[in-house]
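Trainee: Pasting a structure here, questions to come.
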Amino acid sequence: MSDYAPLRGLVKLGPWDAIPLSAAGEQLAVLARRVADSREEIALTDEDGAIVAVVISPSKLEDLEEELALTRNEIDRRDGKEPISHEDLVAKLRSDE
């Protein structure tokens, strides 16, 4: 984390590094590159300090989608349903959004 330019307004909020939306907007390019390169998550907060979104890297999102797909497929298999291919399951997850 020390290899990255500091983000103004970044604080620790529970398990998250968090930054107010107003500060994030001014530093969006730096924030996006940092998240993409480091695979860390950064929460965005509103004016009341409540988390309203979390920025994650595309590769981390793909990993999470894959884990969810595998878990859903395992649950379906245990429930006696016919498992479907991983690719079809990921496509189904994405279409449910």
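How things are named: the first chain in the structure tokens is A, the next is B, and so on; residues count from 1 in each chain; ligands count from 1 in the order shown.
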Identify all residues of chain A in strand (DSSP E or B) (DSSP on the backbone) and supply them as a VMD selection string.

Mentor: chain A and resid 11 to 13 16 to 20 42 to 45 51 to 55

Trainee: Write out as a ChimeraX atom specification which residues come within 12 Å of A:Glu82 when counting only C-alpha atoms, dropping same-chain ones fewer than 6 positions away.

Mentor: /A:72-76,89

Trainee: Suppose we keep N, CA and C atoms; can you now write the selection as a tab-separated table (two decimals), in the first residue's frame?

Mentor:
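Written output follows (part.tsv):
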```tsv
chain	number	residue	atom	x	y	z
A	72	ARG	N	-23.09	-21.96	-5.59
A	72	ARG	CA	-24.48	-22.22	-6.02
A	72	ARG	C	-24.60	-23.57	-6.70
A	73	ASN	N	-23.63	-23.91	-7.51
A	73	ASN	CA	-23.67	-25.20	-8.20
A	73	ASN	C	-23.59	-26.35	-7.20
A	74	GLU	N	-22.76	-26.21	-6.18
A	74	GLU	CA	-22.65	-27.25	-5.15
A	74	GLU	C	-23.95	-27.38	-4.37
A	75	ILE	N	-24.59	-26.27	-4.05
A	75	ILE	CA	-25.88	-26.32	-3.35
A	75	ILE	C	-26.92	-27.01	-4.23
A	76	ASP	N	-26.97	-26.64	-5.50
A	76	ASP	CA	-27.92	-27.29	-6.42
A	76	ASP	C	-27.66	-28.79	-6.50
A	89	LEU	N	-23.23	-21.20	-15.59
A	89	LEU	CA	-23.61	-20.72	-14.27
A	89	LEU	C	-23.20	-19.26	-14.07
```

Trainee: Let me make sure I understand: among A:Glu62, A:Asp17, A:Glu26, A:Glu67, which one has the smallest atom-to-atom distance to A:Ala43 if we use only C-alpha atoms?

Mentor: A:Asp17

Trainee: Would you mind telling me which residue in A:Glu66, A:Asp3, A:Asp79, A:Glu41 lies nearest to A:Leu93 when using only C-alpha atoms?

Mentor: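 The closest residue to A:Leu93 is A:Glu66.
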
Trainee: Report, in Å with one decimal, the straight-line distance from atom CA of A:Glu40 to atom CA of A:Arg8.

Mentor: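 So the two atoms, atom CA of A:Glu40 and atom CA of A:Arg8, lie 16.7 Å apart.
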
Trainee: Of the candidates A:Ala50, A:Ile56, A:Ala24, A:Leu13, which shows the shortest atom-to-atom distance to A:Asp37, using only C-alpha atoms?

Mentor: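 Ranking A:Ala50, A:Ile56, A:Ala24, A:Leu13 by distance to A:Asp37, first place goes to A:Ile56.
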
Trainee: Restricting the calculation to only C-alpha atoms: of A:Ala18, A:Val30, A:Val90, A:Leu68, which residue gets closest to A:Ile51?

Mentor: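 Closest residue, counting only C-alpha atoms: A:Ala18.
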
Trainee: Which residues in chain A does DSSP call alpha helix (DSSP H)? List them as number ranges by chain.

Mentor: A: 21-26, 28-38, 58-78, 86-95

Trainee: Write out as a PyMOL selection string each polymer residue whose atoms come within 12 Å of A:Ser22, counting only C-alpha atoms; drop sequence neighbours fewer than 3 positions from it.

Mentor: chain A and resi 8-10+18-19+25-28+44-49

Trainee: Limited to all heavy atoms, could you put the picked residues into a file as a short mmCIF file (atom, residue, chain, number, x, y, z; two decimals), in the first residue's frame?

Mentor:
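Okay, out.cif is ready:
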```cif
data_model
loop_
_atom_site.label_atom_id
_atom_site.label_comp_id
_atom_site.auth_asym_id
_atom_site.auth_seq_id
_atom_site.Cartn_x
_atom_site.Cartn_y
_atom_site.Cartn_z
N ARG A 8 -6.25 11.53 -0.30
CA ARG A 8 -6.72 12.49 0.70
C ARG A 8 -8.09 12.06 1.22
O ARG A 8 -8.99 11.77 0.44
CB ARG A 8 -6.81 13.89 0.09
CG ARG A 8 -5.46 14.51 -0.21
CD ARG A 8 -5.58 15.89 -0.82
NE ARG A 8 -6.56 16.03 -1.89
CZ ARG A 8 -6.38 15.63 -3.15
NH1 ARG A 8 -5.25 15.05 -3.50
NH2 ARG A 8 -7.33 15.80 -4.05
N GLY A 9 -8.24 12.02 2.52
CA GLY A 9 -9.52 11.69 3.13
C GLY A 9 -9.70 10.22 3.45
O GLY A 9 -10.72 9.82 4.00
N LEU A 10 -8.72 9.38 3.10
CA LEU A 10 -8.82 7.94 3.35
C LEU A 10 -8.71 7.67 4.84
O LEU A 10 -7.80 8.14 5.51
CB LEU A 10 -7.72 7.19 2.61
CG LEU A 10 -7.84 5.68 2.55
CD1 LEU A 10 -9.04 5.26 1.71
CD2 LEU A 10 -6.56 5.08 1.98
N ALA A 18 -11.86 3.63 3.79
CA ALA A 18 -13.03 4.36 3.28
C ALA A 18 -12.62 5.80 2.94
O ALA A 18 -11.71 6.36 3.54
CB ALA A 18 -14.15 4.37 4.31
N ILE A 19 -13.36 6.36 1.99
CA ILE A 19 -13.11 7.73 1.56
C ILE A 19 -14.46 8.37 1.23
O ILE A 19 -15.33 7.72 0.65
CB ILE A 19 -12.14 7.75 0.35
CG1 ILE A 19 -11.69 9.16 0.02
CG2 ILE A 19 -12.73 7.07 -0.85
CD1 ILE A 19 -10.54 9.20 -0.97
N GLY A 25 -14.17 11.64 -5.73
CA GLY A 25 -14.40 12.19 -7.06
C GLY A 25 -13.21 12.99 -7.56
O GLY A 25 -12.85 12.92 -8.74
N GLU A 26 -12.58 13.72 -6.67
CA GLU A 26 -11.42 14.53 -7.03
C GLU A 26 -10.20 13.68 -7.34
O GLU A 26 -9.26 14.16 -7.98
CB GLU A 26 -11.08 15.48 -5.88
CG GLU A 26 -12.18 16.44 -5.51
CD GLU A 26 -11.92 17.13 -4.18
OE1 GLU A 26 -10.90 16.85 -3.52
OE2 GLU A 26 -12.77 17.96 -3.80
N GLN A 27 -10.19 12.43 -6.88
CA GLN A 27 -9.03 11.55 -7.01
C GLN A 27 -9.40 10.24 -7.70
O GLN A 27 -8.74 9.22 -7.49
CB GLN A 27 -8.47 11.24 -5.62
CG GLN A 27 -8.19 12.46 -4.77
CD GLN A 27 -7.88 12.07 -3.35
OE1 GLN A 27 -6.75 11.74 -3.04
NE2 GLN A 27 -8.89 12.09 -2.49
N LEU A 28 -10.44 10.27 -8.52
CA LEU A 28 -10.98 9.04 -9.08
C LEU A 28 -9.96 8.22 -9.86
O LEU A 28 -9.88 7.00 -9.71
CB LEU A 28 -12.20 9.34 -9.95
CG LEU A 28 -13.00 8.13 -10.42
CD1 LEU A 28 -13.44 7.28 -9.24
CD2 LEU A 28 -14.20 8.59 -11.23
N LEU A 44 -16.80 3.80 -0.30
CA LEU A 44 -17.16 5.19 -0.52
C LEU A 44 -18.27 5.55 0.47
O LEU A 44 -19.22 4.78 0.64
CB LEU A 44 -17.65 5.41 -1.95
CG LEU A 44 -16.69 4.97 -3.06
CD1 LEU A 44 -17.33 5.19 -4.42
CD2 LEU A 44 -15.37 5.69 -2.95
N THR A 45 -18.11 6.70 1.13
CA THR A 45 -19.08 7.10 2.14
C THR A 45 -19.80 8.38 1.73
O THR A 45 -19.27 9.21 0.99
CB THR A 45 -18.39 7.32 3.50
OG1 THR A 45 -17.38 8.32 3.37
CG2 THR A 45 -17.77 6.03 4.01
N ASP A 46 -21.03 8.52 2.25
CA ASP A 46 -21.79 9.74 2.00
C ASP A 46 -21.43 10.80 3.03
O ASP A 46 -20.53 10.59 3.85
CB ASP A 46 -23.30 9.45 1.97
CG ASP A 46 -23.85 8.95 3.30
OD1 ASP A 46 -23.16 9.05 4.34
OD2 ASP A 46 -25.00 8.47 3.30
N GLU A 47 -22.14 11.92 3.02
CA GLU A 47 -21.82 13.03 3.92
C GLU A 47 -22.04 12.67 5.39
O GLU A 47 -21.50 13.32 6.28
CB GLU A 47 -22.61 14.30 3.56
CG GLU A 47 -24.11 14.14 3.59
CD GLU A 47 -24.70 13.53 2.31
OE1 GLU A 47 -24.00 13.34 1.32
OE2 GLU A 47 -25.91 13.23 2.34
N ASP A 48 -22.81 11.62 5.67
CA ASP A 48 -23.03 11.18 7.04
C ASP A 48 -22.03 10.11 7.48
O ASP A 48 -22.10 9.60 8.61
CB ASP A 48 -24.45 10.63 7.20
CG ASP A 48 -25.51 11.69 6.95
OD1 ASP A 48 -25.27 12.86 7.33
OD2 ASP A 48 -26.56 11.36 6.36
N GLY A 49 -21.13 9.71 6.60
CA GLY A 49 -20.14 8.70 6.91
C GLY A 49 -20.61 7.28 6.71
O GLY A 49 -19.91 6.33 7.06
#
```

Trainee: Measuring atom to atom with only C-alpha atoms, identify which of A:Ala53, A:Pro58, A:Glu65, A:Arg77 is nearest to A:Arg39.

Mentor: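 Result for the nearest residue to A:Arg39: A:Pro58.
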
Trainee: Atom CA of A:Leu64 and atom CA of A:Ala23 are how many Å apart?

Mentor: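 Separation between atom CA of A:Leu64 and atom CA of A:Ala23: 27.4 Å.
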
Trainee: Please measure the separation of atom CA of A:Pro15 and atom CA of A:Ser59, giving the value in Å to one decimal.

Mentor: 20.5 Å
